[in-house]
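Source file entry_14.cif; content: mmCIF, C-alpha atoms.
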data_data
loop_
_atom_site.label_atom_id
_atom_site.label_comp_id
_atom_site.auth_asym_id
_atom_site.auth_seq_id
_atom_site.Cartn_x
_atom_site.Cartn_y
_atom_site.Cartn_z
CA MET A 188 96.35 26.98 -57.14
CA HIS A 189 98.44 27.24 -54.02
CA GLU A 190 97.58 23.99 -52.32
CA LEU A 191 101.16 23.20 -51.32
CA SER A 192 101.71 26.42 -49.43
CA ILE A 193 98.34 26.04 -47.74
CA VAL A 194 99.44 22.59 -46.64
CA PHE A 195 102.66 24.08 -45.26
CA HIS A 196 100.64 26.66 -43.29
CA ILE A 197 98.42 23.90 -41.89
CA ILE A 198 101.40 21.79 -40.86
CA LYS A 199 103.08 24.75 -39.21
CA THR A 200 99.97 25.55 -37.19
CA ILE A 201 99.43 21.96 -36.10
CA GLU A 202 103.06 21.48 -35.15
CA GLN A 203 102.69 24.53 -32.94
CA VAL A 204 99.56 23.06 -31.34
CA GLY A 205 101.41 19.76 -30.98
CA GLU A 206 104.27 21.39 -29.18
CA GLU A 207 102.06 23.38 -26.84
CA ASN A 208 100.00 20.33 -25.97
CA LYS A 209 102.89 17.86 -26.01
CA LEU A 210 101.18 15.70 -28.61
CA GLU A 211 103.05 12.71 -29.95
CA HIS A 212 101.06 11.96 -33.02
CA VAL A 213 98.11 13.29 -34.95
CA ASN A 214 95.90 10.74 -36.70
CA SER A 215 93.81 13.07 -38.77
CA VAL A 216 93.20 16.70 -39.53
CA THR A 217 89.79 18.04 -40.45
CA LEU A 218 89.57 21.12 -42.63
CA GLU A 219 86.59 23.25 -43.48
CA VAL A 220 86.95 24.42 -47.06
CA GLY A 221 84.60 27.00 -48.54
CA GLU A 222 82.91 26.05 -51.80
CA VAL A 223 84.47 28.95 -53.67
CA SER A 224 87.90 28.99 -52.07
CA ALA A 225 90.65 28.80 -54.64
CA VAL A 226 91.79 25.30 -53.73
CA ILE A 227 91.09 21.97 -55.34
CA ASP A 228 90.44 19.21 -52.82
CA GLU A 229 92.23 16.56 -54.84
CA TYR A 230 95.41 18.62 -55.16
CA LEU A 231 95.19 19.51 -51.50
CA GLY A 232 95.07 15.78 -50.70
CA ASP A 233 98.09 15.02 -52.91
CA CYS A 234 100.16 17.84 -51.40
CA TRP A 235 99.08 16.73 -47.95
CA LYS A 236 100.28 13.17 -48.45
CA TRP A 237 103.66 14.37 -49.60
CA ALA A 238 104.18 17.01 -46.92
CA ALA A 239 102.58 15.31 -43.90
CA ASP A 240 104.89 12.31 -44.27
CA ARG A 241 107.84 14.62 -43.77
CA SER A 242 106.56 15.69 -40.38
CA GLU A 243 107.08 13.39 -37.41
CA LEU A 244 103.91 14.55 -35.74
CA LEU A 245 101.80 14.09 -38.85
CA LYS A 246 103.30 11.04 -40.53
CA GLY A 247 100.49 9.13 -42.20
CA ALA A 248 97.81 11.49 -40.87
CA ARG A 249 94.58 11.60 -42.83
CA LEU A 250 93.21 14.83 -44.22
CA VAL A 251 89.45 15.14 -43.95
CA ILE A 252 87.79 17.90 -45.94
CA GLU A 253 84.38 19.26 -45.02
CA LYS A 254 82.80 21.68 -47.44
CA LEU A 255 81.34 24.97 -46.27
CA PRO A 256 78.57 26.38 -48.49
CA ALA A 257 79.16 29.64 -50.32
CA VAL A 258 76.52 32.28 -49.60
CA THR A 259 76.07 35.58 -51.41
CA MET A 260 74.32 38.62 -49.97
CA CYS A 261 72.25 40.94 -52.15
CA GLU A 262 72.62 44.59 -51.20
CA THR A 263 69.47 45.58 -53.04
CA CYS A 264 66.90 43.20 -51.55
CA GLU A 265 69.04 42.16 -48.58
CA ARG A 266 68.43 38.47 -49.10
CA THR A 267 71.04 35.74 -49.25
CA TYR A 268 71.35 32.92 -51.77
CA ALA A 269 73.53 29.99 -52.79
CA THR A 270 76.51 31.37 -54.70
CA VAL A 271 77.43 28.26 -56.66
CA GLN A 272 73.90 27.77 -57.95
CA TYR A 273 73.05 31.38 -58.86
CA GLY A 274 76.35 33.17 -59.33
CA ARG A 275 76.76 36.90 -59.15
CA ILE A 276 73.24 38.07 -59.99
CA CYS A 277 70.58 37.91 -57.29
CA PRO A 278 67.94 35.27 -58.19
CA TYR A 279 65.25 37.19 -56.26
CA CYS A 280 65.54 40.70 -57.63
CA GLY A 281 68.07 40.49 -60.46
CA SER A 282 70.44 42.96 -58.82
CA GLU A 283 74.17 42.90 -59.55
CA ARG A 284 74.94 44.58 -56.23
CA THR A 285 75.95 41.43 -54.44
CA TYR A 286 78.87 40.32 -52.36
CA LEU A 287 80.18 37.05 -51.03
CA LEU A 288 79.19 36.47 -47.43
CA SER A 289 80.99 33.18 -46.89
CA GLY A 290 82.51 30.35 -48.88
CA ARG A 291 86.12 31.41 -49.22
CA GLU A 292 87.27 30.05 -45.85
CA ILE A 293 89.94 27.46 -45.28
CA ASN A 294 89.83 26.59 -41.59
CA ILE A 295 91.50 23.93 -39.55
CA LYS A 296 88.49 22.61 -37.70
CA GLU A 297 89.94 19.90 -35.50
CA ILE A 298 92.58 17.26 -35.17
CA GLU A 299 92.35 13.73 -33.90
CA VAL A 300 95.18 12.70 -31.66
CA GLY A 301 96.07 9.14 -30.89
CA MET B 1 94.03 26.66 -19.03
CA GLN B 2 93.51 23.10 -17.98
CA ASN B 3 90.20 22.03 -16.48
CA ASN B 4 89.53 18.69 -14.90
CA SER B 5 91.20 15.79 -16.68
CA ILE B 6 91.37 16.47 -20.39
CA ASP B 7 88.19 18.37 -20.84
CA VAL B 8 89.66 21.65 -21.94
CA ILE B 9 93.21 22.22 -22.99
CA CYS B 10 94.91 25.15 -24.51
CA ALA B 11 95.48 25.07 -28.26
CA ALA B 12 97.57 27.37 -30.41
CA ALA B 13 95.34 30.39 -30.10
CA GLY B 14 94.54 29.62 -26.49
CA SER B 15 91.03 28.50 -27.17
CA GLY B 16 91.23 24.87 -28.19
CA ARG B 17 88.84 22.37 -26.73
CA MET B 18 89.61 18.76 -26.20
CA GLU B 19 86.98 16.13 -25.68
CA HIS B 20 86.86 12.44 -25.08
CA PHE B 21 85.72 10.88 -28.28
CA MET B 22 86.40 7.20 -27.97
CA LYS B 23 88.55 5.49 -25.49
CA GLU B 24 91.94 6.39 -26.84
CA VAL B 25 91.13 8.88 -29.53
CA LYS B 26 90.74 12.52 -28.67
CA ILE B 27 89.53 15.34 -30.79
CA LEU B 28 91.24 18.66 -30.37
CA GLU B 29 89.22 21.56 -31.69
CA ILE B 30 91.39 24.12 -33.46
CA LYS B 31 88.97 26.46 -35.28
CA LYS B 32 91.64 28.50 -36.92
CA SER B 33 91.87 29.92 -40.40
CA VAL B 34 94.79 28.64 -42.44
CA PHE B 35 95.61 32.26 -43.23
CA GLU B 36 95.65 33.39 -39.61
CA ASP B 37 99.39 32.93 -39.05
CA ASN B 38 100.23 34.74 -42.22
CA ASP B 39 97.84 37.60 -41.38
CA ARG B 40 99.49 38.00 -37.99
CA GLU B 41 102.97 37.99 -39.51
CA ALA B 42 101.85 40.55 -42.09
CA ASP B 43 100.47 42.88 -39.41
CA ALA B 44 103.72 42.63 -37.45
CA LEU B 45 105.74 43.42 -40.57
CA ARG B 46 103.52 46.44 -41.34
CA GLY B 47 104.08 47.71 -37.82
CA GLU B 48 107.85 47.47 -38.20
CA LEU B 49 107.74 49.21 -41.58
CA HIS B 50 105.70 52.00 -40.01
CA GLU B 51 108.35 52.47 -37.33
CA LYS B 52 111.03 52.70 -39.99
CA GLY B 53 108.99 54.98 -42.25
CA ILE B 54 109.12 52.56 -45.16
CA PHE B 55 106.13 52.35 -47.48
CA LEU B 56 105.78 48.88 -48.96
CA LEU B 57 103.64 48.65 -52.08
CA ASN B 58 102.49 45.25 -53.30
CA LEU B 59 102.08 45.33 -57.07
CA MET B 60 100.04 42.53 -58.60
CA SER B 61 98.73 41.61 -62.04
CA SER B 62 98.47 38.78 -64.51
CA PRO B 63 101.56 37.92 -66.59
CA GLY B 64 102.19 40.31 -69.45
CA SER B 65 100.12 43.21 -68.15
CA GLY B 66 103.19 45.46 -68.04
CA LYS B 67 104.24 45.38 -64.38
CA THR B 68 107.94 45.82 -65.05
CA THR B 69 107.47 48.51 -67.70
CA THR B 70 105.09 50.38 -65.39
CA LEU B 71 107.60 50.07 -62.60
CA LEU B 72 110.39 51.48 -64.77
CA ARG B 73 108.18 54.47 -65.63
CA THR B 74 107.30 54.92 -61.97
CA ILE B 75 110.95 54.89 -60.95
CA GLU B 76 111.74 57.45 -63.63
CA ALA B 77 108.96 59.72 -62.35
CA LEU B 78 109.82 59.40 -58.66
CA LYS B 79 113.48 58.65 -58.23
CA ASP B 80 114.44 62.25 -57.55
CA ARG B 81 111.79 62.57 -54.88
CA LEU B 82 111.82 59.22 -53.10
CA LYS B 83 114.44 56.63 -52.26
CA ILE B 84 113.10 53.57 -54.04
CA ALA B 85 113.96 49.88 -53.80
CA VAL B 86 112.36 46.98 -55.62
CA MET B 87 111.79 43.30 -54.87
CA GLU B 88 111.06 41.22 -57.92
CA ALA B 89 109.26 37.97 -57.25
CA ASP B 90 109.39 35.35 -59.92
CA ILE B 91 109.09 31.63 -60.02
CA ASP B 92 112.53 31.32 -61.54
CA SER B 93 114.38 34.01 -63.50
CA ASP B 94 116.05 37.35 -62.89
CA VAL B 95 115.38 39.26 -66.08
CA ASP B 96 113.09 41.72 -64.28
CA ALA B 97 115.56 42.47 -61.48
CA HIS B 98 118.24 43.25 -64.07
CA ALA B 99 115.91 45.64 -65.87
CA ILE B 100 115.05 47.44 -62.63
CA ALA B 101 118.65 47.63 -61.40
CA GLY B 102 119.48 49.15 -64.80
CA ALA B 103 117.15 52.03 -63.88
CA GLY B 104 119.46 52.90 -61.00
CA VAL B 105 117.54 51.66 -57.96
CA LYS B 106 118.31 48.90 -55.52
CA ALA B 107 116.67 45.68 -56.66
CA ILE B 108 116.68 42.07 -55.62
CA GLN B 109 115.16 39.00 -57.15
CA LEU B 110 113.11 36.66 -55.00
CA HIS B 111 112.71 33.18 -56.35
CA THR B 112 109.51 31.66 -55.09
CA GLY B 113 110.64 28.22 -56.22
CA GLY B 114 107.39 27.30 -57.91
CA MET B 115 105.10 29.07 -55.46
CA CYS B 116 102.40 31.13 -57.09
CA HIS B 117 102.47 34.01 -54.61
CA LEU B 118 104.45 35.64 -51.81
CA ASP B 119 103.45 35.51 -48.18
CA ALA B 120 104.51 37.74 -45.29
CA GLY B 121 107.42 35.49 -44.31
CA MET B 122 108.92 35.54 -47.79
CA THR B 123 108.41 39.31 -48.01
CA ARG B 124 110.24 39.79 -44.73
CA GLN B 125 113.17 37.70 -45.99
CA GLY B 126 113.23 39.77 -49.16
CA LEU B 127 113.30 43.03 -47.20
CA GLU B 128 116.17 41.75 -45.10
CA GLY B 129 118.09 40.80 -48.22
CA LEU B 130 117.36 44.16 -49.78
CA GLU B 131 118.80 46.09 -46.81
CA ALA B 132 116.30 48.80 -47.55
CA ALA B 133 116.55 50.68 -44.25
CA GLU B 134 117.00 53.97 -46.09
CA ALA B 135 114.18 53.54 -48.59
CA ASP B 136 110.98 55.61 -48.58
CA LEU B 137 109.26 53.31 -51.02
CA VAL B 138 109.78 49.59 -51.54
CA VAL B 139 107.82 48.04 -54.38
CA LEU B 140 107.15 44.34 -54.28
CA GLU B 141 106.47 43.03 -57.75
CA ASN B 142 104.42 39.96 -56.95
CA VAL B 143 104.17 36.81 -59.08
CA GLY B 144 102.06 37.35 -62.20
CA ASN B 145 98.75 35.79 -61.19
CA LEU B 146 95.30 37.16 -60.33
CA VAL B 147 94.25 34.42 -57.93
CA CYS B 148 96.83 33.38 -55.36
CA PRO B 149 98.56 36.66 -54.48
CA ALA B 150 95.19 38.09 -53.45
CA GLU B 151 94.81 35.53 -50.69
CA PHE B 152 98.06 36.19 -48.88
CA ASP B 153 98.70 39.46 -47.07
CA THR B 154 102.35 40.32 -47.73
CA GLY B 155 102.58 42.98 -45.04
CA ALA B 156 102.37 45.75 -47.66
CA VAL B 157 100.90 49.11 -46.71
CA LYS B 158 98.86 49.27 -49.92
CA ASN B 159 97.98 46.87 -52.70
CA ALA B 160 98.01 47.92 -56.33
CA MET B 161 97.11 45.93 -59.39
CA ILE B 162 97.49 46.42 -63.10
CA LEU B 163 94.81 45.35 -65.54
CA SER B 164 95.81 45.76 -69.15
CA VAL B 165 93.39 46.51 -71.98
CA PRO B 166 93.93 43.26 -73.94
CA GLU B 167 92.85 41.24 -70.89
CA GLY B 168 89.30 42.58 -71.14
CA HIS B 169 87.07 44.77 -68.98
CA ASP B 170 85.30 41.85 -67.31
CA LYS B 171 88.27 40.77 -65.17
CA PRO B 172 86.91 42.39 -61.97
CA LEU B 173 83.97 39.98 -62.23
CA LYS B 174 86.17 36.96 -62.83
CA TYR B 175 88.75 37.64 -60.15
CA PRO B 176 86.68 39.43 -57.50
CA LEU B 177 89.05 38.89 -54.58
CA MET B 178 91.98 40.52 -56.39
CA PHE B 179 89.91 43.66 -57.00
CA GLU B 180 88.56 43.62 -53.45
CA VAL B 181 92.00 43.70 -51.85
CA CYS B 182 93.44 46.44 -54.09
CA ASP B 183 93.57 50.08 -53.07
CA VAL B 184 94.38 51.21 -56.57
CA VAL B 185 93.77 49.69 -60.01
CA LEU B 186 95.93 50.83 -62.92
CA ILE B 187 94.40 50.23 -66.32
CA ASN B 188 97.42 49.87 -68.57
CA LYS B 189 97.95 49.90 -72.35
CA ILE B 190 95.23 52.47 -72.97
CA ASP B 191 97.03 53.34 -76.23
CA VAL B 192 95.51 50.19 -77.77
CA LEU B 193 91.95 50.94 -76.63
CA PRO B 194 90.76 51.59 -80.22
CA TYR B 195 91.72 48.06 -81.25
CA PHE B 196 90.03 46.12 -78.47
CA ASP B 197 86.46 45.71 -77.25
CA PHE B 198 87.50 47.12 -73.92
CA ASP B 199 84.86 49.34 -72.35
CA LEU B 200 86.63 51.63 -69.87
CA GLU B 201 83.38 52.81 -68.29
CA LYS B 202 82.13 49.25 -67.84
CA CYS B 203 85.46 48.35 -66.33
CA ARG B 204 85.21 51.19 -63.80
CA GLU B 205 81.70 50.06 -62.95
CA TYR B 206 82.81 46.45 -62.41
CA VAL B 207 85.77 47.48 -60.25
CA ARG B 208 83.48 49.66 -58.12
CA MET B 209 81.02 46.82 -57.81
CA ARG B 210 83.74 44.74 -56.17
CA ASN B 211 85.45 47.58 -54.38
CA PRO B 212 83.84 51.03 -54.13
CA GLU B 213 86.95 52.44 -52.42
CA ALA B 214 89.46 51.54 -55.12
CA GLU B 215 91.11 54.34 -57.03
CA ILE B 216 91.20 53.73 -60.79
CA ILE B 217 93.99 55.28 -62.88
CA PRO B 218 94.20 54.66 -66.66
CA ILE B 219 97.81 54.68 -67.84
CA CYS B 220 100.03 53.75 -70.73
CA ALA B 221 103.42 52.66 -69.41
CA LYS B 222 104.82 52.68 -72.93
CA THR B 223 104.04 56.33 -73.71
CA GLY B 224 103.97 57.60 -70.12
CA GLU B 225 100.35 58.73 -70.27
CA GLY B 226 98.72 58.79 -66.83
CA ILE B 227 101.99 58.11 -65.02
CA ASP B 228 101.83 61.55 -63.35
CA ALA B 229 98.50 60.73 -61.73
CA TRP B 230 99.92 57.40 -60.55
CA ALA B 231 103.09 59.02 -59.21
CA ASP B 232 100.95 61.59 -57.35
CA TRP B 233 98.94 58.79 -55.77
CA ILE B 234 102.15 57.19 -54.52
CA LEU B 235 103.56 60.47 -53.20
CA ARG B 236 100.32 61.16 -51.37
CA GLU B 237 100.17 57.70 -49.80
CA VAL B 238 103.85 57.69 -48.81
CA ALA B 239 103.46 61.11 -47.17
CA ALA B 240 100.33 59.98 -45.30
CA TRP B 241 102.08 56.81 -44.07
CA LYS B 242 105.03 58.79 -42.76
CA ALA B 243 102.90 61.59 -41.26
CA ASP B 244 100.73 59.10 -39.40
CA LYS B 245 103.67 57.97 -37.26
#

For this file, write the structure as structure tokens.
Amino acid sequence: MHELSIVFHIIKTIEQVGEENKLEHVNSVTLEVGEVSAVIDEYLGDCWKWAADRSELLKGARLVIEKLPAVTMCETCERTYATVQYGRICPYCGSERTYLLSGREINIKEIEVG
Amino acid sequence: MQNNSIDVICAAAGSGRMEHFMKEVKILEIKKSVFEDNDREADALRGELHEKGIFLLNLMSSPGSGKTTTLLRTIEALKDRLKIAVMEADIDSDVDAHAIAGAGVKAIQLHTGGMCHLDAGMTRQGLEGLEAAEADLVVLENVGNLVCPAEFDTGAVKNAMILSVPEGHDKPLKYPLMFEVCDVVLINKIDVLPYFDFDLEKCREYVRMRNPEAEIIPICAKTGEGIDAWADWILREVAAWKADK
């Protein structure tokens, strides 16, 4: 739901990296996006195209999205399971005492410089 | 931090790694959360607010849950005891800021220009515009939305959210992150409890499931029920923030 501002944060970070490393151009940016993060890849791509073209460093740069699996931890039986497949209730013991271990991340993994 | 040739170079956080990939193309490892910059800005802002003795409260909820009405009640209950200022964030309107200014406290409207949340940078700009150096309590009324505002730390000392009875008691399960980041959950519109299938006990259970630390205060902003307990919570937190200096 807030893809555009996430794109702005990414661009800001990469421009900073660009400045510190005296980069002239970035060809692509690889993100790691958790399965249950609140962003939609397609929207992220659209916002990226629009915003990246307005940055000299990132003009025409590709956005590559790698998915990170969402994993939930069960407090009752202390096992972990795939969040998207099983949801909130532990498939092993039926407990509702569960919490998300990972899957909400949005990380800038790497950039390719030309 | 430069090793031989281009093997390791320093990235933003000082830990980037650069490797030869193909002849001309290099991969620079960043490994940085998109939210990292905002989190750092938020921490810095909190530090400055601590120095100044200003307690910033981030108030979140879905649209129509009664944020502005609750805020008006809160101002009424506390304005003789605390210097209060309010920042109203909205995509595009200033009806709320007018209502708050009418209650006799300093208020400004922040237009997010289509953004669904506020981040630390926008909050800082708002505080500068508010000129709230004298305030004990600044309330940030965030954009009405249960998803996006939860992801961005605004620099607030505490997060509060309002869940209103007509929205249903299952919201903590549907918007877990919002309930995880909140220090206090106000359950508003309890005057209409008899007309809805809202189970207050279930709701408490679901909130605790997501956040065992959260305080839960049932209120009715319209009649004023529960506002005393809410005002006491604020007074306690403001005093603790100032005492901790």

Would you kindly return, as a PyMOL selection string, each protein, DNA or RNA residue with an atom no farther than 9 Å from any atom of Gly64 (chain B), considering all atoms listed in the file and excluding same-chain residues fewer than 2 positions away?
chain B and resi 61-62+66-67+144+164

Selected residues written out, C-alpha atoms, as a PDB file, in the frame of the given file:
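Result file follows (out-v1.pdb):
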ATOM      1  CA  SER B  61      98.730  41.610 -62.040  1.00  0.00           C
ATOM      2  CA  SER B  62      98.470  38.780 -64.510  1.00  0.00           C
ATOM      3  CA  GLY B  66     103.190  45.460 -68.040  1.00  0.00           C
ATOM      4  CA  LYS B  67     104.240  45.380 -64.380  1.00  0.00           C
ATOM      5  CA  GLY B 144     102.060  37.350 -62.200  1.00  0.00           C
ATOM      6  CA  SER B 164      95.810  45.760 -69.150  1.00  0.00           C
TER       7      SER B 164
END

Got a sec to pull out which chain B residues are within 6 Å of chain A, counting only C-alpha atoms, and send them as a count of residues only?
12

Take the PyMOL selection byres ((chain B and resi 121-137) around 8), run it mentally on this structure, and tell me the resulting residues as a ChimeraX atom specification.
/B:38,41-42,45,52-57,82-85,87,106-108,110,118-120,138-139,154-155,238

Neighbour list for region 203-206 of chain B as JSON, numbers by chain, cut-off 9 Å, all atoms listed in the file, skip fewer than 5 positions in-chain:
{"B": [168, 169, 170, 171, 172, 173, 198, 211, 216]}

Residues within 10 Å of (113.7, 31.3, -57.8), file coords, only C-alpha atoms, listed as a list of chain:residue names:
B:Ala89, B:Asp90, B:Ile91, B:Asp92, B:Ser93, B:Asp94, B:Gln109, B:Leu110, B:His111, B:Thr112, B:Gly113, B:Gly114, B:Met115

Selection file, C-alpha atoms, as a CSV table (one decimal), in the frame of the given file:
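Wrote out-v2.csv, looks like this:
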chain,number,residue,atom,x,y,z
B,89,ALA,CA,109.3,38.0,-57.2
B,90,ASP,CA,109.4,35.4,-59.9
B,91,ILE,CA,109.1,31.6,-60.0
B,92,ASP,CA,112.5,31.3,-61.5
B,93,SER,CA,114.4,34.0,-63.5
B,94,ASP,CA,116.0,37.4,-62.9
B,109,GLN,CA,115.2,39.0,-57.2
B,110,LEU,CA,113.1,36.7,-55.0
B,111,HIS,CA,112.7,33.2,-56.4
B,112,THR,CA,109.5,31.7,-55.1
B,113,GLY,CA,110.6,28.2,-56.2
B,114,GLY,CA,107.4,27.3,-57.9
B,115,MET,CA,105.1,29.1,-55.5

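Shortest separation to Cys148 (chain B) among B:Ile217, B:Pro166, B:Tyr175, B:His117 occurs at residue B:His117, atoms counted being only C-alpha atoms.
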
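As for CA of Thr68 (chain B) and CA of Lys242 (chain B), they are spaced 26.0 Å apart.
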
Would you kindly translate the PyMOL selection byres ((chain A and resi 255) around 6) into the concrete residues it picks from this file, as a ChimeraX atom specification?
/A:220-222,254,256

I need the residues from that last selection saved to file as a short mmCIF file (atom, residue, chain, number, x, y, z; two decimals), in the frame of the given file (with C-alpha atoms), if you can.
data_model
loop_
_atom_site.label_atom_id
_atom_site.label_comp_id
_atom_site.auth_asym_id
_atom_site.auth_seq_id
_atom_site.Cartn_x
_atom_site.Cartn_y
_atom_site.Cartn_z
CA VAL A 220 86.95 24.42 -47.06
CA GLY A 221 84.60 27.00 -48.54
CA GLU A 222 82.91 26.05 -51.80
CA LYS A 254 82.80 21.68 -47.44
CA PRO A 256 78.57 26.38 -48.49
#

With 5 Å of padding per side, what axis-aligned box (centre and edge lengths, Å, one decimal) covers all the listed atoms of region 86-101 of chain B? Give it as lines of an AutoDock Vina configuration file.
center_x = 113.9
center_y = 39.5
center_z = -60.5
size_x = 19.6
size_y = 26.3
size_z = 21.2

Got a sec to resolve the PyMOL selection byres ((chain B and resi 227) around 12) on this structure and send the residues as a ChimeraX atom specification?
/B:69-78,186-190,217-226,228-234

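Pairwise distance (CA of Ala214 (chain B), CA of Val184 (chain B)) equals 5.1 Å.
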
Atom pair CA of Tyr268 (chain A) / CA of Leu288 (chain A): separation (Å):
9.6 Å

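Of the residues listed (B:Ala240, B:Val105, B:Met178, B:Val207), B:Met178 shows the shortest atom-to-atom separation from Asp153 (chain B); distances use all atoms listed in the file.
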
Please produce region 271-288 of chain A, completed to N, CA, C and O atoms, as a PDB file, in the coordinates of the input.
ATOM      1  N   VAL A 271      77.043  29.174 -55.592  1.00  0.00           N
ATOM      2  CA  VAL A 271      77.430  28.260 -56.660  1.00  0.00           C
ATOM      3  C   VAL A 271      76.274  28.058 -57.648  1.00  0.00           C
ATOM      4  O   VAL A 271      76.463  28.013 -58.861  1.00  0.00           O
ATOM      5  N   GLN A 272      75.068  28.007 -57.108  1.00  0.00           N
ATOM      6  CA  GLN A 272      73.900  27.770 -57.950  1.00  0.00           C
ATOM      7  C   GLN A 272      73.541  29.005 -58.790  1.00  0.00           C
ATOM      8  O   GLN A 272      73.233  28.894 -59.977  1.00  0.00           O
ATOM      9  N   TYR A 273      73.570  30.190 -58.175  1.00  0.00           N
ATOM     10  CA  TYR A 273      73.050  31.380 -58.860  1.00  0.00           C
ATOM     11  C   TYR A 273      74.093  32.367 -59.354  1.00  0.00           C
ATOM     12  O   TYR A 273      73.777  33.248 -60.145  1.00  0.00           O
ATOM     13  N   GLY A 274      75.310  32.259 -58.861  1.00  0.00           N
ATOM     14  CA  GLY A 274      76.350  33.170 -59.330  1.00  0.00           C
ATOM     15  C   GLY A 274      76.228  34.576 -58.775  1.00  0.00           C
ATOM     16  O   GLY A 274      75.785  34.782 -57.657  1.00  0.00           O
ATOM     17  N   ARG A 275      76.582  35.538 -59.604  1.00  0.00           N
ATOM     18  CA  ARG A 275      76.760  36.900 -59.150  1.00  0.00           C
ATOM     19  C   ARG A 275      75.457  37.706 -59.102  1.00  0.00           C
ATOM     20  O   ARG A 275      75.353  38.721 -58.435  1.00  0.00           O
ATOM     21  N   ILE A 276      74.473  37.276 -59.895  1.00  0.00           N
ATOM     22  CA  ILE A 276      73.240  38.070 -59.990  1.00  0.00           C
ATOM     23  C   ILE A 276      72.160  37.476 -59.083  1.00  0.00           C
ATOM     24  O   ILE A 276      71.893  36.274 -59.105  1.00  0.00           O
ATOM     25  N   CYS A 277      71.559  38.348 -58.284  1.00  0.00           N
ATOM     26  CA  CYS A 277      70.580  37.910 -57.290  1.00  0.00           C
ATOM     27  C   CYS A 277      69.379  37.214 -57.967  1.00  0.00           C
ATOM     28  O   CYS A 277      68.750  37.795 -58.839  1.00  0.00           O
ATOM     29  N   PRO A 278      69.052  35.980 -57.560  1.00  0.00           N
ATOM     30  CA  PRO A 278      67.940  35.270 -58.190  1.00  0.00           C
ATOM     31  C   PRO A 278      66.575  35.833 -57.790  1.00  0.00           C
ATOM     32  O   PRO A 278      65.571  35.577 -58.447  1.00  0.00           O
ATOM     33  N   TYR A 279      66.529  36.629 -56.714  1.00  0.00           N
ATOM     34  CA  TYR A 279      65.250  37.190 -56.260  1.00  0.00           C
ATOM     35  C   TYR A 279      64.897  38.480 -56.982  1.00  0.00           C
ATOM     36  O   TYR A 279      63.788  38.661 -57.435  1.00  0.00           O
ATOM     37  N   CYS A 280      65.886  39.377 -57.085  1.00  0.00           N
ATOM     38  CA  CYS A 280      65.540  40.700 -57.630  1.00  0.00           C
ATOM     39  C   CYS A 280      66.375  41.075 -58.856  1.00  0.00           C
ATOM     40  O   CYS A 280      66.176  42.134 -59.432  1.00  0.00           O
ATOM     41  N   GLY A 281      67.299  40.219 -59.250  1.00  0.00           N
ATOM     42  CA  GLY A 281      68.070  40.490 -60.460  1.00  0.00           C
ATOM     43  C   GLY A 281      69.173  41.526 -60.286  1.00  0.00           C
ATOM     44  O   GLY A 281      69.816  41.938 -61.253  1.00  0.00           O
ATOM     45  N   SER A 282      69.428  41.937 -59.071  1.00  0.00           N
ATOM     46  CA  SER A 282      70.440  42.960 -58.820  1.00  0.00           C
ATOM     47  C   SER A 282      71.858  42.403 -59.009  1.00  0.00           C
ATOM     48  O   SER A 282      72.121  41.231 -58.768  1.00  0.00           O
ATOM     49  N   GLU A 283      72.754  43.286 -59.441  1.00  0.00           N
ATOM     50  CA  GLU A 283      74.170  42.900 -59.550  1.00  0.00           C
ATOM     51  C   GLU A 283      74.951  43.363 -58.330  1.00  0.00           C
ATOM     52  O   GLU A 283      76.135  43.111 -58.212  1.00  0.00           O
ATOM     53  N   ARG A 284      74.278  44.079 -57.445  1.00  0.00           N
ATOM     54  CA  ARG A 284      74.940  44.580 -56.230  1.00  0.00           C
ATOM     55  C   ARG A 284      74.973  43.469 -55.178  1.00  0.00           C
ATOM     56  O   ARG A 284      74.159  43.455 -54.271  1.00  0.00           O
ATOM     57  N   THR A 285      75.883  42.571 -55.356  1.00  0.00           N
ATOM     58  CA  THR A 285      75.950  41.430 -54.440  1.00  0.00           C
ATOM     59  C   THR A 285      77.380  41.245 -53.956  1.00  0.00           C
ATOM     60  O   THR A 285      78.307  41.690 -54.610  1.00  0.00           O
ATOM     61  N   TYR A 286      77.522  40.651 -52.814  1.00  0.00           N
ATOM     62  CA  TYR A 286      78.870  40.320 -52.360  1.00  0.00           C
ATOM     63  C   TYR A 286      78.881  38.983 -51.633  1.00  0.00           C
ATOM     64  O   TYR A 286      77.861  38.544 -51.099  1.00  0.00           O
ATOM     65  N   LEU A 287      80.027  38.371 -51.632  1.00  0.00           N
ATOM     66  CA  LEU A 287      80.180  37.050 -51.030  1.00  0.00           C
ATOM     67  C   LEU A 287      80.181  37.161 -49.513  1.00  0.00           C
ATOM     68  O   LEU A 287      80.971  37.910 -48.944  1.00  0.00           O
ATOM     69  N   LEU A 288      79.288  36.428 -48.874  1.00  0.00           N
ATOM     70  CA  LEU A 288      79.190  36.470 -47.430  1.00  0.00           C
ATOM     71  C   LEU A 288      80.123  35.424 -46.807  1.00  0.00           C
ATOM     72  O   LEU A 288      80.836  35.675 -45.859  1.00  0.00           O
TER      73      LEU A 288
END
